[in-house]
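The data block below is target-v7.cif; it holds mmCIF, N, CA and C atoms.
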data_target
loop_
_atom_site.label_atom_id
_atom_site.label_comp_id
_atom_site.auth_asym_id
_atom_site.auth_seq_id
_atom_site.Cartn_x
_atom_site.Cartn_y
_atom_site.Cartn_z
N MET P 2 7.70 74.27 -7.57
CA MET P 2 8.51 73.63 -6.55
C MET P 2 8.78 74.62 -5.43
N GLN P 3 8.60 74.19 -4.21
CA GLN P 3 8.84 75.06 -3.06
C GLN P 3 10.18 74.69 -2.43
N ARG P 4 11.01 75.69 -2.21
CA ARG P 4 12.34 75.45 -1.63
C ARG P 4 12.31 75.74 -0.15
N ARG P 5 13.22 75.12 0.56
CA ARG P 5 13.37 75.40 1.98
C ARG P 5 14.29 76.60 2.18
N GLU P 6 15.30 76.71 1.33
CA GLU P 6 16.25 77.81 1.41
C GLU P 6 16.52 78.33 0.00
N ALA P 7 16.90 79.60 -0.08
CA ALA P 7 17.19 80.18 -1.39
C ALA P 7 18.09 81.40 -1.24
N THR P 8 18.91 81.62 -2.23
CA THR P 8 19.71 82.84 -2.29
C THR P 8 18.88 83.90 -3.01
N ALA P 9 19.36 85.12 -2.99
CA ALA P 9 18.67 86.19 -3.72
C ALA P 9 18.61 85.85 -5.22
N ALA P 10 19.67 85.26 -5.74
CA ALA P 10 19.68 84.87 -7.16
C ALA P 10 18.62 83.80 -7.43
N ASP P 11 18.46 82.84 -6.50
CA ASP P 11 17.42 81.81 -6.65
C ASP P 11 16.03 82.45 -6.67
N VAL P 12 15.81 83.38 -5.77
CA VAL P 12 14.52 84.06 -5.70
C VAL P 12 14.26 84.80 -7.00
N ARG P 13 15.26 85.50 -7.47
CA ARG P 13 15.12 86.29 -8.71
C ARG P 13 14.80 85.39 -9.90
N ARG P 14 15.50 84.23 -9.99
CA ARG P 14 15.26 83.30 -11.10
C ARG P 14 13.84 82.73 -11.06
N ALA P 15 13.27 82.61 -9.87
CA ALA P 15 11.93 82.03 -9.74
C ALA P 15 10.82 83.03 -10.08
N MET P 16 11.15 84.29 -10.23
CA MET P 16 10.15 85.32 -10.51
C MET P 16 9.88 85.43 -12.01
N ALA P 17 8.62 85.64 -12.36
CA ALA P 17 8.23 85.75 -13.77
C ALA P 17 8.83 86.99 -14.41
N ASP P 18 8.75 88.12 -13.75
CA ASP P 18 9.28 89.38 -14.29
C ASP P 18 10.18 89.97 -13.20
N PRO P 19 11.39 89.43 -13.05
CA PRO P 19 12.21 89.79 -11.89
C PRO P 19 12.74 91.22 -11.93
N PRO P 20 12.75 91.85 -10.75
CA PRO P 20 13.42 93.14 -10.64
C PRO P 20 14.93 92.92 -10.60
N SER P 21 15.66 93.97 -10.38
CA SER P 21 17.12 93.85 -10.34
C SER P 21 17.55 93.00 -9.14
N HIS P 22 18.77 92.50 -9.21
CA HIS P 22 19.31 91.70 -8.11
C HIS P 22 19.32 92.50 -6.81
N SER P 23 19.69 93.77 -6.88
CA SER P 23 19.72 94.59 -5.67
C SER P 23 18.32 94.82 -5.10
N ALA P 24 17.31 94.90 -5.97
CA ALA P 24 15.94 95.06 -5.49
C ALA P 24 15.48 93.81 -4.75
N VAL P 25 15.87 92.63 -5.25
CA VAL P 25 15.53 91.38 -4.56
C VAL P 25 16.23 91.33 -3.21
N ARG P 26 17.50 91.70 -3.17
CA ARG P 26 18.23 91.71 -1.89
C ARG P 26 17.59 92.68 -0.91
N THR P 27 17.16 93.83 -1.39
CA THR P 27 16.49 94.81 -0.53
C THR P 27 15.19 94.24 0.02
N MET P 28 14.41 93.59 -0.85
CA MET P 28 13.15 92.97 -0.43
C MET P 28 13.41 91.90 0.64
N LEU P 29 14.43 91.08 0.44
CA LEU P 29 14.76 90.04 1.43
C LEU P 29 15.21 90.66 2.75
N ALA P 30 15.96 91.75 2.68
CA ALA P 30 16.39 92.44 3.91
C ALA P 30 15.19 93.00 4.66
N ARG P 31 14.22 93.53 3.93
CA ARG P 31 13.01 94.05 4.57
C ARG P 31 12.19 92.92 5.20
N LEU P 32 12.09 91.80 4.50
CA LEU P 32 11.38 90.65 5.07
C LEU P 32 12.09 90.14 6.32
N GLU P 33 13.41 90.20 6.30
CA GLU P 33 14.18 89.77 7.48
C GLU P 33 13.96 90.74 8.64
N ALA P 34 13.91 92.02 8.36
CA ALA P 34 13.67 93.02 9.41
C ALA P 34 12.29 92.83 10.05
N LYS P 35 11.34 92.31 9.28
CA LYS P 35 10.00 92.05 9.80
C LYS P 35 9.90 90.69 10.48
N GLY P 36 10.99 89.92 10.47
CA GLY P 36 10.99 88.62 11.12
C GLY P 36 10.37 87.50 10.30
N LEU P 37 10.20 87.71 9.00
CA LEU P 37 9.57 86.70 8.16
C LEU P 37 10.56 85.74 7.53
N VAL P 38 11.80 86.18 7.35
CA VAL P 38 12.87 85.30 6.86
C VAL P 38 14.11 85.52 7.71
N SER P 39 15.02 84.55 7.66
CA SER P 39 16.32 84.70 8.30
C SER P 39 17.37 84.26 7.28
N HIS P 40 18.62 84.56 7.58
CA HIS P 40 19.66 84.15 6.64
C HIS P 40 20.86 83.58 7.39
N ARG P 41 21.64 82.83 6.63
CA ARG P 41 22.95 82.37 7.10
C ARG P 41 23.92 82.65 5.96
N ALA P 42 25.16 82.88 6.33
CA ALA P 42 26.18 83.15 5.31
C ALA P 42 26.81 81.83 4.87
N GLU P 43 26.88 81.64 3.57
CA GLU P 43 27.54 80.47 2.99
C GLU P 43 28.55 81.01 2.00
N ASP P 44 29.81 80.87 2.33
CA ASP P 44 30.89 81.53 1.60
C ASP P 44 30.61 83.04 1.68
N GLN P 45 30.37 83.69 0.56
CA GLN P 45 30.08 85.12 0.59
C GLN P 45 28.64 85.40 0.14
N THR P 46 27.79 84.40 0.28
CA THR P 46 26.40 84.52 -0.17
C THR P 46 25.46 84.30 1.01
N TYR P 47 24.42 85.10 1.06
CA TYR P 47 23.38 84.88 2.07
C TYR P 47 22.39 83.85 1.53
N VAL P 48 22.07 82.88 2.38
CA VAL P 48 21.07 81.88 2.06
C VAL P 48 19.90 82.13 3.00
N TYR P 49 18.73 82.39 2.43
CA TYR P 49 17.55 82.78 3.20
C TYR P 49 16.61 81.60 3.39
N LYS P 50 15.88 81.64 4.49
CA LYS P 50 14.81 80.68 4.70
C LYS P 50 13.69 81.37 5.47
N SER P 51 12.50 80.87 5.30
CA SER P 51 11.37 81.49 5.99
C SER P 51 11.43 81.14 7.47
N VAL P 52 10.90 82.04 8.27
CA VAL P 52 10.82 81.84 9.71
C VAL P 52 9.40 81.37 10.02
N PRO P 53 9.27 80.22 10.68
CA PRO P 53 7.93 79.76 11.01
C PRO P 53 7.17 80.80 11.83
N GLN P 54 5.92 80.98 11.49
CA GLN P 54 5.05 81.90 12.21
C GLN P 54 4.16 81.06 13.11
N PRO P 55 4.47 80.98 14.42
CA PRO P 55 3.75 80.07 15.32
C PRO P 55 2.23 80.21 15.27
N ALA P 56 1.72 81.42 15.19
CA ALA P 56 0.27 81.60 15.16
C ALA P 56 -0.33 81.00 13.90
N LYS P 57 0.33 81.20 12.76
CA LYS P 57 -0.17 80.65 11.51
C LYS P 57 -0.05 79.13 11.50
N VAL P 58 1.05 78.62 12.01
CA VAL P 58 1.24 77.17 12.08
C VAL P 58 0.18 76.56 12.99
N ARG P 59 -0.06 77.18 14.12
CA ARG P 59 -1.06 76.70 15.07
C ARG P 59 -2.45 76.71 14.43
N GLU P 60 -2.79 77.79 13.75
CA GLU P 60 -4.11 77.89 13.11
C GLU P 60 -4.28 76.83 12.03
N THR P 61 -3.26 76.63 11.22
CA THR P 61 -3.33 75.62 10.17
C THR P 61 -3.50 74.22 10.76
N ALA P 62 -2.74 73.93 11.81
CA ALA P 62 -2.84 72.62 12.46
C ALA P 62 -4.22 72.41 13.08
N LEU P 63 -4.74 73.44 13.74
CA LEU P 63 -6.06 73.33 14.35
C LEU P 63 -7.15 73.13 13.30
N ARG P 64 -7.06 73.89 12.21
CA ARG P 64 -8.05 73.73 11.13
C ARG P 64 -8.04 72.30 10.60
N GLN P 65 -6.85 71.75 10.41
CA GLN P 65 -6.73 70.39 9.88
C GLN P 65 -7.27 69.38 10.89
N MET P 66 -6.98 69.59 12.18
CA MET P 66 -7.48 68.68 13.22
C MET P 66 -9.01 68.71 13.26
N VAL P 67 -9.59 69.90 13.23
CA VAL P 67 -11.05 70.03 13.27
C VAL P 67 -11.67 69.37 12.04
N LYS P 68 -11.06 69.59 10.89
CA LYS P 68 -11.57 68.99 9.65
C LYS P 68 -11.48 67.46 9.71
N THR P 69 -10.35 66.94 10.18
CA THR P 69 -10.11 65.50 10.17
C THR P 69 -10.91 64.76 11.23
N PHE P 70 -10.89 65.26 12.45
CA PHE P 70 -11.47 64.50 13.56
C PHE P 70 -12.88 64.93 13.97
N PHE P 71 -13.30 66.12 13.56
CA PHE P 71 -14.59 66.64 13.99
C PHE P 71 -15.47 67.06 12.83
N ASP P 72 -15.19 66.51 11.66
CA ASP P 72 -16.00 66.77 10.47
C ASP P 72 -16.19 68.27 10.22
N GLY P 73 -15.16 69.04 10.54
CA GLY P 73 -15.19 70.48 10.29
C GLY P 73 -15.94 71.29 11.33
N SER P 74 -16.41 70.67 12.39
CA SER P 74 -17.21 71.38 13.40
C SER P 74 -16.33 71.89 14.54
N ALA P 75 -16.15 73.21 14.59
CA ALA P 75 -15.39 73.82 15.68
C ALA P 75 -16.10 73.61 17.02
N ALA P 76 -17.43 73.61 17.00
CA ALA P 76 -18.19 73.39 18.23
C ALA P 76 -17.94 72.00 18.80
N SER P 77 -17.91 70.99 17.93
CA SER P 77 -17.62 69.63 18.39
C SER P 77 -16.21 69.53 18.96
N ALA P 78 -15.27 70.18 18.29
CA ALA P 78 -13.88 70.16 18.78
C ALA P 78 -13.78 70.86 20.14
N ALA P 79 -14.43 72.00 20.28
CA ALA P 79 -14.39 72.73 21.55
C ALA P 79 -15.04 71.91 22.66
N THR P 80 -16.15 71.26 22.36
CA THR P 80 -16.83 70.44 23.36
C THR P 80 -15.93 69.28 23.80
N ALA P 81 -15.25 68.66 22.84
CA ALA P 81 -14.34 67.57 23.18
C ALA P 81 -13.17 68.06 24.03
N LEU P 82 -12.62 69.21 23.69
CA LEU P 82 -11.51 69.76 24.47
C LEU P 82 -11.95 70.12 25.88
N LEU P 83 -13.14 70.67 26.01
CA LEU P 83 -13.65 71.02 27.34
C LEU P 83 -13.88 69.76 28.18
N GLY P 84 -14.25 68.67 27.53
CA GLY P 84 -14.46 67.42 28.23
C GLY P 84 -13.18 66.83 28.79
N LEU P 85 -12.03 67.22 28.25
CA LEU P 85 -10.75 66.73 28.74
C LEU P 85 -10.31 67.42 30.03
N SER P 86 -10.85 68.57 30.29
CA SER P 86 -10.43 69.38 31.44
C SER P 86 -11.24 69.00 32.68
N GLN P 87 -10.55 68.85 33.80
CA GLN P 87 -11.22 68.56 35.06
C GLN P 87 -12.05 69.75 35.51
N SER P 88 -11.42 70.90 35.49
CA SER P 88 -12.13 72.13 35.84
C SER P 88 -11.42 73.31 35.18
N LEU P 89 -12.15 74.38 35.02
CA LEU P 89 -11.60 75.57 34.39
C LEU P 89 -11.52 76.69 35.41
N LYS P 90 -10.48 77.49 35.29
CA LYS P 90 -10.32 78.66 36.15
C LYS P 90 -11.33 79.72 35.72
N PRO P 91 -11.72 80.60 36.61
CA PRO P 91 -12.68 81.65 36.25
C PRO P 91 -12.23 82.48 35.03
N GLU P 92 -10.95 82.79 34.95
CA GLU P 92 -10.48 83.59 33.81
C GLU P 92 -10.55 82.80 32.50
N GLU P 93 -10.42 81.47 32.57
CA GLU P 93 -10.57 80.65 31.37
C GLU P 93 -12.03 80.63 30.93
N LEU P 94 -12.92 80.52 31.90
CA LEU P 94 -14.36 80.57 31.58
C LEU P 94 -14.74 81.91 30.96
N ASP P 95 -14.19 82.98 31.52
CA ASP P 95 -14.45 84.32 30.97
C ASP P 95 -13.94 84.43 29.53
N ALA P 96 -12.74 83.90 29.28
CA ALA P 96 -12.18 83.94 27.93
C ALA P 96 -13.05 83.15 26.96
N LEU P 97 -13.53 82.00 27.38
CA LEU P 97 -14.41 81.20 26.54
C LEU P 97 -15.72 81.94 26.25
N GLN P 98 -16.27 82.59 27.27
CA GLN P 98 -17.52 83.32 27.07
C GLN P 98 -17.32 84.48 26.10
N ARG P 99 -16.18 85.17 26.21
CA ARG P 99 -15.89 86.26 25.27
C ARG P 99 -15.78 85.74 23.84
N ALA P 100 -15.13 84.57 23.69
CA ALA P 100 -15.00 83.98 22.35
C ALA P 100 -16.37 83.60 21.79
N ILE P 101 -17.24 83.05 22.64
CA ILE P 101 -18.59 82.70 22.20
C ILE P 101 -19.37 83.95 21.81
N ASP P 102 -19.28 84.98 22.63
CA ASP P 102 -19.98 86.23 22.33
C ASP P 102 -19.49 86.84 21.01
N LYS P 103 -18.19 86.80 20.80
CA LYS P 103 -17.61 87.34 19.57
C LYS P 103 -18.09 86.55 18.36
N ALA P 104 -18.16 85.22 18.50
CA ALA P 104 -18.64 84.37 17.40
C ALA P 104 -20.10 84.66 17.10
N LYS P 105 -20.90 84.91 18.13
CA LYS P 105 -22.31 85.25 17.92
C LYS P 105 -22.45 86.56 17.17
N GLU P 106 -21.65 87.55 17.52
CA GLU P 106 -21.69 88.85 16.85
C GLU P 106 -21.31 88.71 15.37
N ARG P 107 -20.32 87.89 15.09
CA ARG P 107 -19.87 87.68 13.70
C ARG P 107 -20.96 87.05 12.85
N ASP P 108 -21.72 86.15 13.46
CA ASP P 108 -22.72 85.39 12.70
C ASP P 108 -24.07 86.08 12.60
N GLN P 109 -24.23 87.25 13.16
CA GLN P 109 -25.53 87.95 13.10
C GLN P 109 -25.64 88.77 11.86
#
Would you mind writing the file out in structure tokens?
Amino acid sequence: MQRREATAADVRRAMADPPSHSAVRTMLARLEAKGLVSHRAEDQTYVYKSVPQPAKVRETALRQMVKTFFDGSAASAATALLGLSQSLKPEELDALQRAIDKAKERDQ
């Protein structure tokens, strides 16, 4: 079961071989310092939740869109997106060319 929010005690209970309560709190504090979780105070307890990672969310959504609407073909999706644009700025064309060149290098 995946939770939306959890206390340090909740996290510890969910672990197979849990470390000490203070070690879990330290781990959560480090994750918070890295911007991966945030907390709110409820009474005298911190309740943690994950912080959405826009790049990861965007990548997951794009992968699902390509899979669903373009039969998994990134090229088909890119072609469709380019067809929606009236015209592209030179810097956008350059960025697209760099992405194509990078994809070619990866596939060689």
- Task: Return the single residue from P:Thr8, P:Gln109, P:Ser88, P:Gln98 that is closest to Val48 (chain P), with distances computed using only C-alpha atoms.
- Result: P:Thr8
- Item | Selection: 7 Å around region 20-24 of chain P, all atoms listed in the file, excl. self and same-chain fewer than 3 positions, as a VMD selection string | chain P and resid 9 to 10 13 27 to 29
- Item | Distance in Å - CA of Arg31 (chain P) versus CA of Ser51 (chain P) | 12.7 Å
- Task: Check the DSSP output for the backbone and give back, as a ChimeraX atom specification, the residues of region 22-106 of chain P in helix (DSSP H, G or I).
- Result: /P:22-34,55-70,75-85,91-106
- Task: Pick out the residues sitting within 12 Å of Val67 (chain P), and hand them over as a list in words; count only C-alpha atoms, and ignore anything fewer than 3 positions along from it in its own chain.
- Result: Glu60, Thr61, Ala62, Leu63, Arg64, Phe70, Phe71, Asp72, Gly73, Ser74, Ala75, Ala76, Ser77, Ala78, Ala79, Thr80, Ala81 and Leu82 of chain P
- Item | Among the residues P:Val52, P:Val58, P:Ala7, P:Ala17, the one that comes closest to Leu37 (chain P) [using all atoms listed in the file] | P:Val52
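Relative to CA of Glu6 (chain P), CA of Gln45 (chain P) is found at 15.7 Å.
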- Message: Selection in question (the file shown): the PyMOL selection byres (((chain P and resi 40 and name CA) around 9) and name CA). Which residues does it include, as a ChimeraX atom specification?
- Response: /P:6,33,38-39,41-42,47-51
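When CA of Ala96 (chain P) is paired with CA of Asp108 (chain P), their separation reads 18.6 Å.
Proximity ranking of P:Met16, P:Gly36, P:Pro91, P:Arg107 relative to Gln54 (chain P) places P:Gly36 first, based on all atoms listed in the file.
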